[in-house]
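Visitor: What follows is the file protein_26.cif, containing mmCIF, C-alpha atoms (C1' of nucleotides):
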data_protein
#
loop_
_atom_site.label_atom_id
_atom_site.label_comp_id
_atom_site.auth_asym_id
_atom_site.auth_seq_id
_atom_site.Cartn_x
_atom_site.Cartn_y
_atom_site.Cartn_z
CA MET A 17 31.54 -1.35 23.83
CA THR A 18 30.82 -4.29 21.62
CA THR A 19 29.53 -6.53 24.40
CA THR A 20 26.66 -4.25 25.31
CA THR A 21 25.78 -3.81 21.66
CA GLN A 22 25.60 -7.56 21.41
CA GLY A 23 23.25 -7.75 24.40
CA ASP A 24 21.17 -4.95 22.92
CA ALA A 25 20.67 -6.93 19.75
CA GLU A 26 19.41 -9.91 21.71
CA ALA A 27 17.06 -7.82 23.82
CA ARG A 28 15.83 -6.08 20.70
CA GLU A 29 15.05 -9.44 19.16
CA ARG A 30 13.13 -10.57 22.22
CA VAL A 31 11.09 -7.37 22.26
CA LEU A 32 10.21 -7.59 18.59
CA GLU A 33 9.24 -11.24 18.89
CA ALA A 34 6.99 -10.56 21.87
CA ALA A 35 5.52 -7.47 20.27
CA ASP A 36 4.70 -9.28 17.07
CA ARG A 37 2.96 -12.06 18.95
CA LEU A 38 1.01 -9.82 21.33
CA PHE A 39 0.10 -7.09 18.85
CA TYR A 40 -1.22 -9.65 16.41
CA ALA A 41 -3.13 -11.62 19.02
CA LYS A 42 -4.75 -8.71 20.85
CA SER A 43 -4.33 -5.72 18.51
CA ALA A 44 -1.62 -3.16 19.20
CA HIS A 45 -3.60 -0.68 21.26
CA ALA A 46 -4.70 -3.42 23.64
CA VAL A 47 -1.12 -4.25 24.59
CA GLY A 48 0.53 -1.94 27.07
CA MET A 49 4.22 -1.17 27.10
CA ASP A 50 4.44 -2.68 30.57
CA GLU A 51 2.87 -5.94 29.48
CA LEU A 52 5.28 -6.00 26.57
CA ARG A 53 8.20 -5.29 28.89
CA ALA A 54 7.22 -8.21 31.11
CA GLU A 55 6.74 -10.58 28.17
CA ALA A 56 10.10 -9.67 26.66
CA GLY A 57 11.87 -9.85 30.01
CA VAL A 58 13.41 -6.42 29.66
CA SER A 59 13.35 -3.24 31.68
CA LEU A 60 11.18 -0.31 30.69
CA LYS A 61 14.29 1.80 30.46
CA LYS A 62 15.92 -0.55 27.99
CA LEU A 63 12.71 -0.82 26.02
CA TYR A 64 12.69 2.91 25.45
CA SER A 65 16.40 3.00 24.74
CA LEU A 66 15.94 0.42 22.00
CA PHE A 67 12.88 1.99 20.36
CA ASP A 68 11.71 5.54 19.90
CA GLY A 69 8.24 4.76 21.22
CA LYS A 70 5.26 2.56 20.61
CA GLU A 71 4.46 3.79 17.14
CA ALA A 72 8.01 3.15 15.94
CA LEU A 73 7.78 -0.31 17.45
CA VAL A 74 4.55 -1.04 15.61
CA GLU A 75 6.15 0.10 12.39
CA GLU A 76 9.13 -2.19 12.82
CA VAL A 77 6.97 -5.14 13.84
CA LEU A 78 4.94 -4.79 10.65
CA ARG A 79 8.08 -4.56 8.58
CA ARG A 80 9.50 -7.72 10.11
CA ARG A 81 6.22 -9.56 9.79
CA GLU A 82 6.31 -9.18 6.04
CA GLU A 83 9.68 -10.89 5.96
CA ALA A 84 8.46 -13.71 8.18
CA ILE A 85 5.34 -14.27 6.09
CA THR A 86 7.27 -14.15 2.86
CA ALA A 87 9.68 -16.75 4.20
CA ALA A 88 6.85 -18.96 5.42
CA THR A 89 4.92 -18.87 2.16
CA MET A 90 8.08 -19.39 0.16
CA LYS A 91 8.50 -22.76 1.82
CA TYR A 92 5.16 -23.75 0.32
CA VAL A 93 5.74 -22.10 -3.03
CA LEU A 94 9.14 -23.65 -3.67
CA ARG A 95 7.79 -27.10 -2.88
CA ALA A 96 5.48 -26.92 -5.89
CA SER A 97 6.74 -27.97 -9.29
CA THR A 98 4.70 -26.09 -11.88
CA PRO A 99 4.29 -22.29 -11.88
CA GLU A 100 0.53 -22.73 -11.52
CA ASP A 101 0.93 -24.94 -8.47
CA GLN A 102 3.29 -22.38 -6.99
CA ILE A 103 0.57 -19.78 -7.16
CA LEU A 104 -1.97 -22.13 -5.61
CA ALA A 105 0.49 -23.04 -2.86
CA VAL A 106 -0.04 -19.74 -1.06
CA PHE A 107 -3.56 -20.93 -0.24
CA ASP A 108 -2.09 -24.11 1.22
CA TRP A 109 -0.01 -21.94 3.49
CA MET A 110 -3.11 -20.01 4.50
CA ALA A 111 -5.15 -23.14 5.18
CA ASP A 112 -2.40 -24.59 7.35
CA SER A 113 -1.85 -21.31 9.20
CA SER A 114 -5.53 -21.00 10.01
CA GLY A 115 -5.26 -24.28 11.88
CA THR A 116 -3.43 -22.50 14.67
CA THR A 117 -6.07 -21.15 17.00
CA ASP A 118 -4.48 -17.71 17.20
CA PHE A 119 -4.83 -16.96 13.52
CA ARG A 120 -6.36 -13.51 13.29
CA GLY A 121 -6.19 -12.62 9.62
CA CYS A 122 -3.93 -10.18 7.88
CA ALA A 123 -1.88 -8.21 10.37
CA PHE A 124 -1.60 -5.30 7.95
CA ILE A 125 -5.32 -4.96 7.41
CA ASN A 126 -5.87 -5.25 11.14
CA SER A 127 -3.38 -2.47 11.77
CA TYR A 128 -5.01 -0.29 9.19
CA ALA A 129 -8.39 -0.91 10.77
CA GLU A 130 -7.45 -0.21 14.35
CA LEU A 131 -5.32 2.83 13.68
CA GLY A 132 -7.76 4.59 11.45
CA PRO A 133 -6.34 7.69 9.79
CA SER A 134 -4.43 8.60 12.94
CA SER A 135 -1.00 7.40 11.86
CA GLU A 136 0.02 8.15 8.30
CA ARG A 137 3.39 6.54 8.94
CA VAL A 138 1.92 3.15 9.73
CA THR A 139 -0.62 3.41 6.95
CA ALA A 140 2.24 3.98 4.55
CA VAL A 141 3.90 0.79 5.77
CA VAL A 142 0.67 -1.16 5.34
CA ARG A 143 0.24 0.13 1.82
CA HIS A 144 3.80 -0.82 0.99
CA GLN A 145 3.49 -4.35 2.32
CA LYS A 146 0.25 -4.90 0.48
CA SER A 147 1.80 -3.87 -2.80
CA GLY A 148 4.60 -6.31 -1.98
CA VAL A 149 2.26 -9.26 -1.65
CA ARG A 150 0.45 -8.17 -4.74
CA GLY A 151 3.73 -7.86 -6.59
CA ALA A 152 4.81 -11.35 -5.60
CA ILE A 153 1.58 -12.84 -6.92
CA ALA A 154 1.80 -10.69 -10.03
CA ALA A 155 5.31 -11.95 -10.74
CA MET A 156 4.27 -15.58 -10.44
CA VAL A 157 1.25 -15.06 -12.67
CA ALA A 158 3.29 -13.12 -15.21
CA ALA A 159 5.75 -16.02 -15.32
CA THR A 160 2.93 -18.20 -16.61
CA GLY A 161 2.23 -15.74 -19.39
CA ARG A 162 -1.27 -14.85 -18.18
CA PRO A 163 -2.65 -11.30 -18.23
CA GLU A 164 -2.36 -9.01 -15.26
CA TRP A 165 -6.03 -9.05 -14.36
CA VAL A 166 -5.67 -12.70 -13.40
CA ALA A 167 -3.07 -11.70 -10.83
CA ASP A 168 -5.32 -8.94 -9.54
CA SER A 169 -8.16 -11.40 -9.13
CA ILE A 170 -6.07 -13.94 -7.26
CA PHE A 171 -4.73 -11.23 -5.01
CA LEU A 172 -8.26 -10.16 -4.10
CA LEU A 173 -9.23 -13.76 -3.42
CA PHE A 174 -6.19 -13.97 -1.18
CA GLU A 175 -7.20 -10.87 0.74
CA GLY A 176 -10.80 -11.91 1.11
CA ALA A 177 -9.82 -15.35 2.29
CA MET A 178 -7.43 -13.93 4.88
CA THR A 179 -10.11 -11.88 6.59
CA ASN A 180 -12.77 -14.54 6.33
CA THR A 181 -10.53 -17.28 7.59
CA ALA A 182 -10.01 -15.20 10.71
CA ILE A 183 -13.66 -14.35 11.26
CA THR A 184 -15.03 -17.81 10.59
CA VAL A 185 -12.17 -19.55 12.43
CA SER A 186 -11.83 -22.23 9.79
CA SER A 187 -9.69 -23.09 6.81
CA GLU A 188 -12.72 -23.20 4.53
CA PRO A 189 -12.26 -19.74 3.00
CA ALA A 190 -8.66 -20.58 2.12
CA ARG A 191 -9.86 -23.69 0.29
CA GLN A 192 -12.65 -21.83 -1.45
CA ALA A 193 -10.20 -19.21 -2.64
CA GLN A 194 -7.90 -21.91 -3.92
CA VAL A 195 -10.73 -23.48 -5.88
CA ALA A 196 -11.54 -20.14 -7.46
CA ALA A 197 -7.89 -19.41 -8.25
CA ARG A 198 -7.46 -22.81 -9.84
CA PHE A 199 -10.53 -22.20 -11.96
CA LEU A 200 -9.16 -18.85 -13.10
CA LEU A 201 -5.83 -20.38 -14.02
CA GLU A 202 -7.43 -23.25 -15.91
CA LYS A 203 -9.77 -21.07 -17.91
CA THR A 204 -7.02 -18.65 -18.85
CA ALA A 205 -4.51 -21.32 -19.76
CA MET B 10 -45.37 9.90 29.01
CA THR B 11 -45.53 9.55 25.26
CA THR B 12 -44.00 12.93 24.46
CA THR B 13 -40.71 12.18 26.20
CA THR B 14 -40.58 8.77 24.57
CA GLN B 15 -40.99 10.54 21.26
CA GLY B 16 -38.08 12.86 22.02
CA ASP B 17 -36.01 9.94 23.18
CA ALA B 18 -36.49 8.24 19.84
CA GLU B 19 -35.22 11.31 18.00
CA ALA B 20 -32.20 11.66 20.27
CA ARG B 21 -31.50 7.98 19.92
CA GLU B 22 -31.49 8.35 16.18
CA ARG B 23 -29.09 11.27 16.30
CA VAL B 24 -26.73 9.36 18.56
CA LEU B 25 -26.74 6.29 16.36
CA GLU B 26 -26.19 8.33 13.23
CA ALA B 27 -23.25 10.20 14.76
CA ALA B 28 -21.80 7.03 16.25
CA ASP B 29 -21.96 5.20 12.96
CA ARG B 30 -20.19 8.03 11.18
CA LEU B 31 -17.50 8.61 13.81
CA PHE B 32 -16.84 4.95 14.66
CA TYR B 33 -16.42 4.12 11.00
CA ALA B 34 -14.22 7.10 10.24
CA LYS B 35 -11.88 6.88 13.21
CA SER B 36 -12.46 3.39 14.65
CA ALA B 37 -14.58 2.94 17.74
CA HIS B 38 -11.91 3.10 20.40
CA ALA B 39 -10.64 6.41 19.04
CA VAL B 40 -14.01 8.10 19.60
CA GLY B 41 -14.74 9.18 23.15
CA MET B 42 -18.20 9.27 24.60
CA ASP B 43 -17.85 13.00 25.09
CA GLU B 44 -16.97 13.59 21.45
CA LEU B 45 -19.97 11.50 20.53
CA ARG B 46 -22.16 13.46 22.91
CA ALA B 47 -21.08 16.73 21.31
CA GLU B 48 -21.59 15.44 17.77
CA ALA B 49 -25.05 14.13 18.55
CA GLY B 50 -26.05 17.29 20.43
CA VAL B 51 -27.18 15.40 23.47
CA SER B 52 -26.25 15.39 27.12
CA LEU B 53 -24.03 12.75 28.62
CA LYS B 54 -26.81 11.87 31.00
CA LYS B 55 -29.25 11.22 28.20
CA LEU B 56 -26.64 9.29 26.28
CA TYR B 57 -26.27 6.86 29.14
CA SER B 58 -30.00 6.70 29.70
CA LEU B 59 -30.49 5.69 26.06
CA PHE B 60 -27.73 3.08 25.89
CA ASP B 61 -26.26 0.65 28.37
CA GLY B 62 -22.73 1.71 27.59
CA LYS B 63 -20.24 1.98 24.79
CA GLU B 64 -20.10 -1.69 23.92
CA ALA B 65 -23.86 -1.91 23.58
CA LEU B 66 -23.74 1.15 21.37
CA VAL B 67 -21.11 -0.41 19.12
CA GLU B 68 -23.23 -3.51 18.84
CA GLU B 69 -26.29 -1.56 17.79
CA VAL B 70 -24.36 0.58 15.34
CA LEU B 71 -23.05 -2.51 13.60
CA ARG B 72 -26.53 -3.99 13.46
CA ARG B 73 -27.94 -0.84 11.90
CA ARG B 74 -25.08 -0.52 9.46
CA GLU B 75 -25.95 -3.84 7.91
CA GLU B 76 -29.45 -2.57 7.21
CA ALA B 77 -28.11 0.63 5.70
CA ILE B 78 -25.62 -1.19 3.48
CA THR B 79 -28.21 -3.69 2.38
CA ALA B 80 -30.55 -0.89 1.43
CA ALA B 81 -27.83 0.98 -0.44
CA THR B 82 -26.70 -2.02 -2.44
CA MET B 83 -30.28 -3.00 -3.17
CA LYS B 84 -30.71 0.25 -5.03
CA TYR B 85 -27.94 -0.87 -7.36
CA VAL B 86 -29.06 -4.48 -7.56
CA LEU B 87 -32.67 -3.75 -8.41
CA ARG B 88 -31.62 -1.40 -11.17
CA ALA B 89 -30.04 -4.29 -13.07
CA SER B 90 -32.16 -6.41 -15.37
CA THR B 91 -30.55 -9.84 -15.55
CA PRO B 92 -29.66 -11.93 -12.47
CA GLU B 93 -26.02 -11.87 -13.53
CA ASP B 94 -25.98 -8.09 -13.73
CA GLN B 95 -27.59 -7.92 -10.33
CA ILE B 96 -24.69 -9.82 -8.86
CA LEU B 97 -22.19 -7.58 -10.61
CA ALA B 98 -24.05 -4.49 -9.43
CA VAL B 99 -22.72 -4.85 -5.90
CA PHE B 100 -19.30 -3.95 -7.27
CA ASP B 101 -20.77 -0.84 -8.85
CA TRP B 102 -22.00 0.14 -5.41
CA MET B 103 -18.53 -0.43 -4.01
CA ALA B 104 -16.81 1.55 -6.73
CA ASP B 105 -19.17 4.47 -6.22
CA SER B 106 -18.86 4.33 -2.45
CA SER B 107 -15.09 4.38 -2.61
CA GLY B 108 -15.34 7.74 -4.36
CA THR B 109 -16.23 9.34 -1.05
CA THR B 110 -12.97 10.20 0.66
CA ASP B 111 -14.04 8.71 3.97
CA PHE B 112 -14.45 5.20 2.67
CA ARG B 113 -12.61 2.96 5.07
CA GLY B 114 -13.51 -0.56 4.02
CA CYS B 115 -15.78 -3.04 5.69
CA ALA B 116 -16.94 -1.77 9.06
CA PHE B 117 -17.40 -5.30 10.33
CA ILE B 118 -13.88 -6.41 9.50
CA ASN B 119 -12.56 -3.21 11.02
CA SER B 120 -14.46 -3.87 14.21
CA TYR B 121 -13.19 -7.39 14.37
CA ALA B 122 -9.63 -6.16 13.89
CA GLU B 123 -9.66 -3.42 16.48
CA LEU B 124 -11.49 -5.36 19.16
CA GLY B 125 -9.43 -8.47 18.95
CA PRO B 126 -10.77 -11.33 21.02
CA SER B 127 -11.79 -8.93 23.79
CA SER B 128 -15.49 -8.78 23.03
CA GLU B 129 -17.17 -12.00 22.11
CA ARG B 130 -20.51 -10.20 21.85
CA VAL B 131 -19.32 -7.91 19.08
CA THR B 132 -17.45 -10.71 17.33
CA ALA B 133 -20.69 -12.64 17.24
CA VAL B 134 -22.42 -9.70 15.57
CA VAL B 135 -19.64 -9.43 13.00
CA ARG B 136 -19.87 -13.11 12.20
CA HIS B 137 -23.60 -12.86 11.78
CA GLN B 138 -23.44 -9.87 9.45
CA LYS B 139 -20.80 -11.53 7.33
CA SER B 140 -22.91 -14.61 6.89
CA GLY B 141 -25.73 -12.26 5.90
CA VAL B 142 -23.76 -10.67 3.07
CA ARG B 143 -22.57 -14.06 2.02
CA GLY B 144 -26.11 -15.38 2.06
CA ALA B 145 -27.37 -12.53 -0.09
CA ILE B 146 -24.75 -13.22 -2.73
CA ALA B 147 -25.39 -16.95 -2.47
CA ALA B 148 -29.09 -16.41 -3.07
CA MET B 149 -28.48 -14.34 -6.18
CA VAL B 150 -26.01 -16.85 -7.56
CA ALA B 151 -28.31 -19.76 -6.78
CA ALA B 152 -31.07 -17.98 -8.67
CA THR B 153 -28.92 -18.24 -11.78
CA GLY B 154 -28.55 -21.96 -11.29
CA ARG B 155 -24.80 -21.90 -10.73
CA PRO B 156 -23.02 -24.02 -8.11
CA GLU B 157 -22.35 -22.74 -4.63
CA TRP B 158 -18.59 -22.42 -5.06
CA VAL B 159 -19.19 -19.60 -7.52
CA ALA B 160 -21.01 -17.68 -4.80
CA ASP B 161 -18.18 -18.37 -2.36
CA SER B 162 -15.67 -17.07 -4.86
CA ILE B 163 -17.58 -13.89 -5.55
CA PHE B 164 -18.03 -13.30 -1.85
CA LEU B 165 -14.27 -13.58 -1.30
CA LEU B 166 -13.65 -11.18 -4.19
CA PHE B 167 -16.09 -8.82 -2.53
CA GLU B 168 -14.30 -9.00 0.80
CA GLY B 169 -10.86 -8.60 -0.70
CA ALA B 170 -11.98 -5.65 -2.76
CA MET B 171 -13.52 -3.94 0.27
CA THR B 172 -10.29 -3.94 2.24
CA ASN B 173 -8.11 -3.09 -0.72
CA THR B 174 -10.33 -0.29 -1.85
CA ALA B 175 -9.86 1.28 1.56
CA ILE B 176 -6.11 0.80 1.74
CA THR B 177 -5.37 1.95 -1.79
CA VAL B 178 -7.93 4.77 -1.68
CA SER B 179 -9.19 4.05 -5.17
CA SER B 180 -12.04 2.31 -6.90
CA GLU B 181 -9.65 0.10 -8.83
CA PRO B 182 -10.00 -2.99 -6.62
CA ALA B 183 -13.78 -2.82 -6.95
CA ARG B 184 -13.43 -2.81 -10.72
CA GLN B 185 -10.90 -5.61 -10.71
CA ALA B 186 -13.20 -7.71 -8.56
CA GLN B 187 -16.05 -7.03 -10.94
CA VAL B 188 -13.95 -8.18 -13.87
CA ALA B 189 -13.12 -11.40 -12.06
CA ALA B 190 -16.72 -11.98 -11.03
CA ARG B 191 -17.93 -11.42 -14.57
CA PHE B 192 -15.37 -13.91 -15.82
CA LEU B 193 -16.53 -16.49 -13.29
CA LEU B 194 -20.14 -16.01 -14.28
CA GLU B 195 -19.39 -16.23 -17.99
CA LYS B 196 -17.31 -19.37 -17.72
CA THR B 197 -19.88 -21.12 -15.54
CA ALA B 198 -22.85 -20.12 -17.66
"C1'" DT C 21 38.61 -0.77 49.59
"C1'" DA C 22 36.74 3.43 47.34
"C1'" DC C 23 34.56 5.07 43.27
"C1'" DA C 24 32.15 5.95 38.63
"C1'" DG C 25 29.08 4.57 35.53
"C1'" DT C 26 25.45 1.54 34.06
"C1'" DA C 27 21.20 -0.72 34.19
"C1'" DG C 28 17.12 -2.51 36.49
"C1'" DA C 29 12.83 -1.89 39.29
"C1'" DG C 30 9.19 0.56 39.62
"C1'" DA C 31 7.19 5.10 41.25
"C1'" DA C 32 5.52 9.20 39.16
"C1'" DC C 33 3.27 12.09 35.81
"C1'" DG C 34 0.07 13.88 32.61
"C1'" DA C 35 -3.36 12.72 29.52
"C1'" DG C 36 -7.45 10.35 28.04
"C1'" DC C 37 -10.91 7.09 28.66
"C1'" DG C 38 -15.87 5.30 30.30
"C1'" DT C 39 -18.91 6.23 33.69
"C1'" DT C 40 -21.27 8.55 37.53
"C1'" DC C 41 -22.53 12.43 40.34
"C1'" DT C 42 -23.55 17.14 41.60
"C1'" DC C 43 -25.53 21.25 40.81
"C1'" DC C 44 -28.64 24.38 38.79
"C1'" DA C 45 -32.10 26.26 35.53
"C1'" DC C 46 -36.55 25.63 33.85
"C1'" DG C 47 -41.45 24.30 33.21
"C1'" DG C 48 -45.92 22.28 34.75
"C1'" DC C 49 -49.14 22.32 38.56
"C1'" DA C 50 -51.41 24.00 43.17
"C1'" DT D 1 -46.28 32.75 43.46
"C1'" DG D 2 -44.22 28.68 45.48
"C1'" DC D 3 -42.96 23.86 44.83
"C1'" DC D 4 -41.22 19.65 42.60
"C1'" DG D 5 -39.23 16.87 39.37
"C1'" DT D 6 -37.04 16.42 34.98
"C1'" DG D 7 -33.00 17.12 32.28
"C1'" DG D 8 -28.82 19.60 30.81
"C1'" DA D 9 -23.90 21.07 31.70
"C1'" DG D 10 -19.96 19.52 33.05
"C1'" DA D 11 -17.09 18.42 37.22
"C1'" DA D 12 -15.45 14.33 39.37
"C1'" DC D 13 -13.82 9.54 39.84
"C1'" DG D 14 -11.21 5.62 39.02
"C1'" DC D 15 -8.67 3.47 35.76
"C1'" DT D 16 -5.21 2.62 32.10
"C1'" DC D 17 -1.99 4.16 29.05
"C1'" DG D 18 2.69 5.99 27.13
"C1'" DT D 19 6.52 8.04 28.80
"C1'" DT D 20 9.93 9.78 32.06
"C1'" DC D 21 12.35 10.05 36.43
"C1'" DT D 22 14.31 8.52 40.72
"C1'" DC D 23 16.60 5.49 43.47
"C1'" DT D 24 19.24 1.62 44.29
"C1'" DA D 25 22.34 -2.38 43.40
"C1'" DC D 26 26.06 -3.94 40.97
"C1'" DT D 27 30.41 -4.30 38.20
"C1'" DG D 28 34.84 -3.15 36.64
"C1'" DT D 29 38.86 -0.34 37.77
"C1'" DA D 30 42.64 2.17 40.59
#
As a first step, turn the structure in this file into structure tokens.
Guide:
Amino acid sequence: MTTTTQGDAEARERVLEAADRLFYAKSAHAVGMDELRAEAGVSLKKLYSLFDGKEALVEEVLRRREEAITAATMKYVLRASTPEDQILAVFDWMADSSGTTDFRGCAFINSYAELGPSSERVTAVVRHQKSGVRGAIAAMVAATGRPEWVADSIFLLFEGAMTNTAITVSSEPARQAQVAARFLLEKTA
Amino acid sequence: MTTTTQGDAEARERVLEAADRLFYAKSAHAVGMDELRAEAGVSLKKLYSLFDGKEALVEEVLRRREEAITAATMKYVLRASTPEDQILAVFDWMADSSGTTDFRGCAFINSYAELGPSSERVTAVVRHQKSGVRGAIAAMVAATGRPEWVADSIFLLFEGAMTNTAITVSSEPARQAQVAARFLLEKTA
DNA sequence: TACAGTAGAGAACGAGCGTTCTCCACGGCA
DNA sequence: TGCCGTGGAGAACGCTCGTTCTCTACTGTA
């Protein structure tokens, strides 16, 4: 029946939203399915009818998070006028995001770290997302006509700033990374 | 009695060595105290007589790991002749370390990621170690007379390369970071 | 009103964890 | 030889987790 399918979609959305928030804030293994059930306002039965299990849920949360992050950064990127400023805008996004007290770094790196080599499926997702971010930066850098190693460098600055922003609980690393990226772009102009 | 204290010191060493290896390879929460006991060849009773519990053990492992990493990188750093090459040598260490199949990135970031905000004690240790690495790089850069933002940039490249080396399972990120660091040093000479 | 099927609440289950406790074998001393 | 205390092996405990199962209440239909 179409009505139940409609309700399922809504419940699914609520679960994924709650899972994304809780997994990111406390790390996935620290969030129980029952806590998740309560937060999403759904029954345990429905939870397991919507998803194959916790690992599948983690996988889907990571997949959706890439979309959300891409959308969020795009708002900053598209605001910039020059291609160079577009590249630098991703660090503005990071600096602003770190202002929220629950910023805990890169969700993909965190997932990789907490899972260890135990789940090849999730590791594959993490790898894929990372290459996506890298590809986005590479495309923007390529559009400015600069060599690929510049893109690689900016990507590494991005990664380093993500983890350090989380650990230091400040937007300073994001700003430092932006300074370095700007320098790279200027000297390779 | 001094003899038992002597034996305790040896057992303690074995436990810490095994814990460091297992925690790093599989993440701390995935290693049970019994697995650790077996690996270290020690009884559960002695394990708990030597350490106050798992969290205290994690703390001490992280503290010791900093010493070990510092020593390992120093071997590379001291081999270099110029101050600039000394800075770049840390990326040689990283590239070589990533050759071992069990390289899993920065142990401190991994600990931060898997623990979440649950243990402020361990987070404090992580923060301290990170500022140590950063300080070491800052000192080397300062010795060359370059401004502090260059040190910040190289530190972020270091961090980004550590995580990406682990995720991509290759030494490429370490090399890319070295290229970027060399560029920074040349252009700020 | 009687009934079938669905979905929610939450008990139940088996596994794994950190930690403690019990039991027993062994070695130094009278 | 008999005793005592130390330490090892591992059973036990209490807890939490992911997952499944049971029971009950409800809703739409004849």
Visitor: For each of A:Thr89, A:Thr184, A:Ser65, A:Ser43, take the minimum atom-to-atom distance to DT20 of chain D, counting all atoms listed in the file, then give the residue where this is smallest.
Guide: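 Counting all atoms listed in the file, the residue closest to DT20 of chain D is A:Ser65.
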Visitor: Measure the distance from atom CA of Glu19 of chain B to atom C1' of DG8 of chain D in Å and round it to one decimal.
Guide: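 Distance reported for this atom pair: 16.5 Å.
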Visitor: For chain D, report every residue with an atom at most 12 Å from chain B (counting only C-alpha atoms (C1' of nucleotides)), formatted as a ChimeraX atom specification.
Guide: /D:6-10
Visitor: Give me, as JSON, numbers by chain, the contact residues of chain A against chain B at a cut-off of 9 Å, counting all atoms listed in the file.
Guide: {"A": [40, 41, 42, 43, 44, 45, 46, 120, 121, 123, 125, 126, 127, 128, 129, 130, 131, 132, 133, 134, 139, 142, 143, 146, 165, 166, 168, 169, 170, 171, 172, 173, 174, 175, 176, 177, 178, 179, 180, 183, 184, 189, 192, 193, 195, 196, 197, 199, 200, 203]}
Visitor: Determine, for each residue of chain B having at least one atom at most 9 Å from an atom of chain C, the closest pair of atoms and their separation in Å to one decimal, counting all atoms listed in the file; order by chain and ascending number, as JSON lines.
Guide:
{"residue": "B:Gly41", "atom": "CA", "partner": "C:DC37", "partner_atom": "C1'", "distance": 7.0}
{"residue": "B:Met42", "atom": "CA", "partner": "C:DG38", "partner_atom": "C1'", "distance": 7.3}
{"residue": "B:Tyr57", "atom": "CA", "partner": "C:DT39", "partner_atom": "C1'", "distance": 8.7}
{"residue": "B:Gly62", "atom": "CA", "partner": "C:DG38", "partner_atom": "C1'", "distance": 8.2}
{"residue": "B:Lys63", "atom": "CA", "partner": "C:DG38", "partner_atom": "C1'", "distance": 7.8}
Visitor: Do a neighbour search on Asp50 of chain A at 10 Å with all atoms listed in the file, toss out local chain neighbours closer than 3 positions, and write the hits as a VMD selection string.
Guide: (chain A and resid 47 53 to 56 58 to 60 63) or (chain D and resid 17 to 18)
Visitor: Can you turn the PyMOL selection byres ((chain B and resi 79) around 12) into a concrete residue list for this file, as a list in words?
Guide: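 Applied to this file, the PyMOL selection byres ((chain B and resi 79) around 12) selects Arg72, Arg73, Arg74, Glu75, Glu76, Ala77, Ile78, Ala80, Ala81, Thr82, Met83, Lys84, Tyr85, Val86, Leu87, Val99, Trp102, Gln138, Lys139, Gly141, Val142, Arg143, Gly144, Ala145 and Ile146 of chain B.
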